[in-house]
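J.: Take a look at this one; I'll ask things after.
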Amino acid sequence: MSAGWVAGAVRAKALVGRYPGAGAAREIARAPTLDDALRRLATTPYARYARTATGLPQAQRAVAATVLWHLRVLAGWLPPGGARLLVPLAAGFEIANVVARLPAPEGRRAKAPEPYRLGALETAWRSLERAGTPAELRAALTASPWGDPGGDTPWALLTGMRMAAARRTAVAVPSARRWARGRALLLAARELFVHHRSLPEPVRRDAARLLGPRAPAAASYQEFREHLPSAAGWVLADVEEPGELWRAEVRWWLTMQSDGAAMLREGRYGPRAVVGAVAVLSVDAWRVRAALESAARGGRPGEAFDALV
């Protein structure tokens with residue numbers, strides 16, 4: 001194992017040790033106001049960006065920006081070429097940048113936030129940022145590792161990017177393949193059986209690569225479940241109806257948490273430890289963002305948050 005991977009793994013474990021964890025997230029969730037929650041957040045690593053937040057969207061974005069910053073720092077500790085391991089794992093930030101550029105329903109659109117600064121974790125943001133129309137955005141995606149999303153409507157662009165992120169993760173990060181399949185399953189199930197939308201052809205192909213050819217072509221939710229490979233079907237265990245997919249998403253997050261923690265406990269200093277740290281940091285951020293929403297609603301955690309914590 002190279003010194004660069006050892007240094008990166010040590011840094012990754014140190015970052016995880018500083019994050020608040022489930023107990024602190026529950027405290028934040030029970031805060032009676034968002035201001036109280038932000039004061040608690042100021043004692044965590046999220047304070048770097050959250051100290052100037054004045055509302056829930058800004059606070060949640062500050063949590064995400066903190067994780068991205070630490071991923072960029074971590075990438076700098078890896079040996080030459082090591083940052084490529086983190087690029088697909090950080091794809092959600094590039095997707096969020098694209099979301100901010102797209103028109104909201106019925107043309108309503110608040111002022112777009114500043115794009116996340118991706119640095120070495122960028123896939124194709126500089127090209128996407130220059131796109132002036134949805135058609136140009138689709139063309140830029142098609143010419144990049146993202147691939148053709150299959151359409152230039154906001155829905156097609158984002159669905160294509162989200163499924164492509166799962167495909168890219170499964171290919172480039174073997175130790176994260178289980179999570180990538182789970183994410184692809186959740187995306188396909190929601191689109192097909194909650195929103196009742198057919199998948200664009202490139203999205204269907206990516207889904208078939210991760211879930212097998214029969215599940216994405218299923219005519220019903222039950223048929224979808226029956227045709228899933230065992231490597232992905234665990235996500236929908238005991239989730240009998242599409243309306244219960246939120247439980248499947250909680251299971252996916254909890255699985256990523258436990259898998260990531262297990263990778264860190266292995267005691268090895270290499271790519272698996274780094275990937276495990278990214279998983280644990282991502283789950284912590286997701287949990288804290290949910291906790292902030294709970295505080296903004298008066299400190300009454302909902303069922304989904306209780307299930308996660």
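Ordered as shown in the structure tokens, chains take letters A, B, and onward, while each chain numbers its residues from 1 and ligands are numbered from 1 in the order shown.
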Which polymer residues have any atom within 10 Å of an atom of Phe93 of chain A, counting only C-alpha atoms, with same-chain residues fewer than 4 positions away left out, as a ChimeraX atom specification?

T.: /A:64-65,68,89,97-99,115-118,121-122,125

J.: Dump as JSON lines the rows for residues of segment 7-118 of chain A within 12 Å of segment 134-150 of chain A: closest atom pair and distance in Å with one decimal, only C-alpha atoms counted, ordered by chain and rising residue number.

T.:
```
{"residue": "A:Val87", "atom": "CA", "partner": "A:Pro145", "partner_atom": "CA", "distance": 11.1}
{"residue": "A:Pro88", "atom": "CA", "partner": "A:Trp146", "partner_atom": "CA", "distance": 10.0}
{"residue": "A:Ala91", "atom": "CA", "partner": "A:Trp146", "partner_atom": "CA", "distance": 9.7}
{"residue": "A:Glu94", "atom": "CA", "partner": "A:Trp146", "partner_atom": "CA", "distance": 10.7}
{"residue": "A:Ile95", "atom": "CA", "partner": "A:Trp146", "partner_atom": "CA", "distance": 10.4}
{"residue": "A:Val98", "atom": "CA", "partner": "A:Leu137", "partner_atom": "CA", "distance": 8.9}
{"residue": "A:Val99", "atom": "CA", "partner": "A:Pro134", "partner_atom": "CA", "distance": 11.4}
{"residue": "A:Arg101", "atom": "CA", "partner": "A:Pro134", "partner_atom": "CA", "distance": 9.5}
{"residue": "A:Leu102", "atom": "CA", "partner": "A:Pro134", "partner_atom": "CA", "distance": 7.9}
{"residue": "A:Pro103", "atom": "CA", "partner": "A:Pro134", "partner_atom": "CA", "distance": 9.6}
```

J.: Pick out the residues sitting within 9 Å of Ala207 of chain A, and hand them over as number ranges by chain; count only C-alpha atoms, and ignore anything fewer than 5 positions along from it in its own chain.

T.: A: 163-164, 166-167, 181, 184-185, 188, 202, 212-213, 215-216

J.: Could you dump the residues just selected with C-alpha atoms as a tab-separated table (two decimals), in the first residue's frame?

T.:
```
chain	number	residue	atom	x	y	z
A	163	MET	CA	-29.17	6.97	-13.09
A	164	ALA	CA	-25.83	7.68	-14.78
A	166	ALA	CA	-25.37	5.04	-10.14
A	167	ARG	CA	-23.92	3.42	-13.25
A	181	ARG	CA	-27.54	-0.79	-7.35
A	184	ALA	CA	-30.72	2.75	-9.18
A	185	LEU	CA	-33.52	0.55	-7.85
A	188	ALA	CA	-36.46	3.31	-11.17
A	202	PRO	CA	-30.59	5.59	-22.00
A	212	GLY	CA	-30.98	-6.88	-14.96
A	213	PRO	CA	-33.17	-6.45	-18.06
A	215	ALA	CA	-37.08	-5.41	-13.67
A	216	PRO	CA	-36.96	-2.06	-15.56
```

J.: So, with only C-alpha atoms as the atoms that count, which of A:Thr52, A:Gln58, A:Thr66, A:Ser220 lies closest to Asp284 of chain A?

T.: A:Thr66

J.: Atom CA of Gly276 of chain A and atom CA of Leu56 of chain A are how many Å apart?

T.: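 Distance between the two atoms: 28.4 Å.
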
J.: Determine, counting only C-alpha atoms, which protein, DNA and RNA residues have an atom within 9 Å of an atom of segment 229-238 of chain A; residues of the same chain fewer than 5 positions away are not included. Present the result as a list in words.

T.: Arg178, Trp179, Arg181, Gly182, Ala184, Leu185, Leu186, Leu210, Leu211, Gly212, Ala215, Leu245, Arg247, Ala248, Glu249, Arg251 and Trp252 of chain A

J.: Write out, as a PDB file, in the first residue's frame, the residues just selected, with N, CA and C atoms.

T.:
```pdb
ATOM      1  N   ARG A 178     -22.806  -2.105  -4.333  1.00  0.00           N
ATOM      2  CA  ARG A 178     -24.055  -2.463  -3.650  1.00  0.00           C
ATOM      3  C   ARG A 178     -24.935  -1.232  -3.448  1.00  0.00           C
ATOM      4  N   TRP A 179     -24.352  -0.122  -3.053  1.00  0.00           N
ATOM      5  CA  TRP A 179     -25.120   1.102  -2.852  1.00  0.00           C
ATOM      6  C   TRP A 179     -25.611   1.659  -4.188  1.00  0.00           C
ATOM      7  N   ARG A 181     -26.379  -0.016  -6.910  1.00  0.00           N
ATOM      8  CA  ARG A 181     -27.538  -0.794  -7.355  1.00  0.00           C
ATOM      9  C   ARG A 181     -28.786  -0.390  -6.568  1.00  0.00           C
ATOM     10  N   GLY A 182     -28.622  -0.189  -5.265  1.00  0.00           N
ATOM     11  CA  GLY A 182     -29.770   0.226  -4.463  1.00  0.00           C
ATOM     12  C   GLY A 182     -30.313   1.572  -4.881  1.00  0.00           C
ATOM     13  N   ALA A 184     -30.069   2.932  -7.883  1.00  0.00           N
ATOM     14  CA  ALA A 184     -30.723   2.752  -9.178  1.00  0.00           C
ATOM     15  C   ALA A 184     -32.109   2.146  -9.007  1.00  0.00           C
ATOM     16  N   LEU A 185     -32.226   1.190  -8.109  1.00  0.00           N
ATOM     17  CA  LEU A 185     -33.519   0.549  -7.850  1.00  0.00           C
ATOM     18  C   LEU A 185     -34.531   1.572  -7.337  1.00  0.00           C
ATOM     19  N   LEU A 186     -34.139   2.380  -6.367  1.00  0.00           N
ATOM     20  CA  LEU A 186     -35.062   3.362  -5.809  1.00  0.00           C
ATOM     21  C   LEU A 186     -35.505   4.374  -6.865  1.00  0.00           C
ATOM     22  N   LEU A 210     -27.641  -2.451 -14.139  1.00  0.00           N
ATOM     23  CA  LEU A 210     -27.500  -2.568 -12.694  1.00  0.00           C
ATOM     24  C   LEU A 210     -28.512  -3.520 -12.066  1.00  0.00           C
ATOM     25  N   LEU A 211     -29.690  -3.642 -12.682  1.00  0.00           N
ATOM     26  CA  LEU A 211     -30.782  -4.405 -12.082  1.00  0.00           C
ATOM     27  C   LEU A 211     -31.208  -5.609 -12.916  1.00  0.00           C
ATOM     28  N   GLY A 212     -30.542  -5.832 -14.052  1.00  0.00           N
ATOM     29  CA  GLY A 212     -30.980  -6.875 -14.956  1.00  0.00           C
ATOM     30  C   GLY A 212     -32.045  -6.340 -15.905  1.00  0.00           C
ATOM     31  N   ALA A 215     -36.454  -6.316 -14.633  1.00  0.00           N
ATOM     32  CA  ALA A 215     -37.084  -5.414 -13.666  1.00  0.00           C
ATOM     33  C   ALA A 215     -37.462  -4.056 -14.269  1.00  0.00           C
ATOM     34  N   LEU A 245     -42.008   3.314  -0.295  1.00  0.00           N
ATOM     35  CA  LEU A 245     -40.613   3.373  -0.749  1.00  0.00           C
ATOM     36  C   LEU A 245     -39.730   4.207   0.172  1.00  0.00           C
ATOM     37  N   ARG A 247     -39.484   3.817   3.233  1.00  0.00           N
ATOM     38  CA  ARG A 247     -38.861   2.852   4.132  1.00  0.00           C
ATOM     39  C   ARG A 247     -37.666   2.189   3.453  1.00  0.00           C
ATOM     40  N   ALA A 248     -37.794   1.956   2.170  1.00  0.00           N
ATOM     41  CA  ALA A 248     -36.677   1.381   1.424  1.00  0.00           C
ATOM     42  C   ALA A 248     -35.507   2.355   1.382  1.00  0.00           C
ATOM     43  N   GLU A 249     -35.810   3.631   1.248  1.00  0.00           N
ATOM     44  CA  GLU A 249     -34.724   4.618   1.225  1.00  0.00           C
ATOM     45  C   GLU A 249     -34.016   4.676   2.578  1.00  0.00           C
ATOM     46  N   ARG A 251     -33.753   2.195   4.636  1.00  0.00           N
ATOM     47  CA  ARG A 251     -32.922   0.982   4.679  1.00  0.00           C
ATOM     48  C   ARG A 251     -31.639   1.181   3.876  1.00  0.00           C
ATOM     49  N   TRP A 252     -31.752   1.849   2.723  1.00  0.00           N
ATOM     50  CA  TRP A 252     -30.567   2.084   1.892  1.00  0.00           C
ATOM     51  C   TRP A 252     -29.547   2.933   2.648  1.00  0.00           C
TER      52      TRP A 252
END
```

J.: From a backbone DSSP assignment, name each residue in segment 100-186 of chain A labelled alpha helix (DSSP H), as a PyMOL selection string.

T.: chain A and resi 100-101+125-130+134-142+154-172+177-186

J.: Can you pull out every residue within 12 Å of His195 of chain A, counting only C-alpha atoms, but drop anything in the same chain fewer than 4 positions away, and send it as number ranges by chain?

T.: A: 155, 187-191, 199, 242-243

J.: Using only C-alpha atoms, which protein or nucleic acid residues come within 12 Å of Leu74 of chain A? Drop anything in the same chain fewer than 2 positions from it, and give the result as a ChimeraX atom specification.

T.: /A:4-16,67-72,76-79,82-87,119-121,271,273-275,277-278,281

J.: Hey, can you spit out that residue selection with C-alpha atoms as a PDB file, in the first residue's frame?

T.:
```
ATOM      1  CA  GLY A   4      -0.500   8.256  -0.326  1.00  0.00           C
ATOM      2  CA  TRP A   5      -3.264   5.736   0.327  1.00  0.00           C
ATOM      3  CA  VAL A   6      -2.157   5.330   3.929  1.00  0.00           C
ATOM      4  CA  ALA A   7      -2.238   9.109   4.426  1.00  0.00           C
ATOM      5  CA  GLY A   8      -5.622   9.351   2.730  1.00  0.00           C
ATOM      6  CA  ALA A   9      -7.115   6.579   4.853  1.00  0.00           C
ATOM      7  CA  VAL A  10      -5.768   8.099   8.069  1.00  0.00           C
ATOM      8  CA  ARG A  11      -7.209  11.473   7.085  1.00  0.00           C
ATOM      9  CA  ALA A  12     -10.544   9.853   6.193  1.00  0.00           C
ATOM     10  CA  LYS A  13     -10.832   8.156   9.576  1.00  0.00           C
ATOM     11  CA  ALA A  14      -9.950  11.386  11.347  1.00  0.00           C
ATOM     12  CA  LEU A  15     -12.705  13.240   9.468  1.00  0.00           C
ATOM     13  CA  VAL A  16     -15.290  10.644  10.442  1.00  0.00           C
ATOM     14  CA  VAL A  67     -19.082  17.451   3.234  1.00  0.00           C
ATOM     15  CA  LEU A  68     -17.989  18.491  -0.242  1.00  0.00           C
ATOM     16  CA  TRP A  69     -15.160  20.576   1.205  1.00  0.00           C
ATOM     17  CA  HIS A  70     -13.936  17.620   3.244  1.00  0.00           C
ATOM     18  CA  LEU A  71     -14.129  15.336   0.200  1.00  0.00           C
ATOM     19  CA  ARG A  72     -11.978  17.821  -1.692  1.00  0.00           C
ATOM     20  CA  GLY A  76      -5.770  16.109  -1.965  1.00  0.00           C
ATOM     21  CA  TRP A  77      -4.321  13.513   0.404  1.00  0.00           C
ATOM     22  CA  LEU A  78      -4.717  10.636  -2.023  1.00  0.00           C
ATOM     23  CA  PRO A  79      -1.935   9.476  -4.344  1.00  0.00           C
ATOM     24  CA  GLY A  82      -6.693   8.611  -6.388  1.00  0.00           C
ATOM     25  CA  ALA A  83      -9.178  11.453  -6.616  1.00  0.00           C
ATOM     26  CA  ARG A  84     -10.838   9.610  -9.510  1.00  0.00           C
ATOM     27  CA  LEU A  85     -12.257   7.230  -6.913  1.00  0.00           C
ATOM     28  CA  LEU A  86     -14.172  10.090  -5.320  1.00  0.00           C
ATOM     29  CA  VAL A  87     -15.496  11.730  -8.494  1.00  0.00           C
ATOM     30  CA  GLY A 119     -12.417  21.263  -7.848  1.00  0.00           C
ATOM     31  CA  ALA A 120     -10.812  17.919  -8.657  1.00  0.00           C
ATOM     32  CA  LEU A 121     -14.173  16.177  -8.081  1.00  0.00           C
ATOM     33  CA  PRO A 271      -9.303   2.673  -1.047  1.00  0.00           C
ATOM     34  CA  ALA A 273     -11.290   2.812   4.049  1.00  0.00           C
ATOM     35  CA  VAL A 274     -11.634   6.003   2.004  1.00  0.00           C
ATOM     36  CA  VAL A 275     -14.890   4.827   0.404  1.00  0.00           C
ATOM     37  CA  ALA A 277     -15.457   7.212   5.195  1.00  0.00           C
ATOM     38  CA  VAL A 278     -17.284   8.904   2.318  1.00  0.00           C
ATOM     39  CA  LEU A 281     -19.886  11.275   6.097  1.00  0.00           C
TER      40      LEU A 281
END
```

J.: To one decimal in Å, tell me the separation between atom CA of Arg287 of chain A and atom CA of Trp253 of chain A.

T.: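 Those two atoms sit 9.3 Å apart.
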
J.: List the spatial neighbours of Gly298 of chain A as a PyMOL selection string - criterion: any atom at most 9 Å away, only C-alpha atoms, same-chain residues fewer than 4 positions off excluded.

T.: chain A and resi 29-34+293-294

J.: How far is it from atom CA of Ala112 of chain A to atom CA of Pro57 of chain A, in Å with one decimal?

T.: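 Spanning atom CA of Ala112 of chain A to atom CA of Pro57 of chain A is a straight-line distance of 11.8 Å.
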
J.: Which of these, A:Gln222, A:Gln60, A:Ser127, A:Thr133, has the shortest distance to Ala290 of chain A once you count only C-alpha atoms?

T.: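 Closest candidate: A:Gln60.
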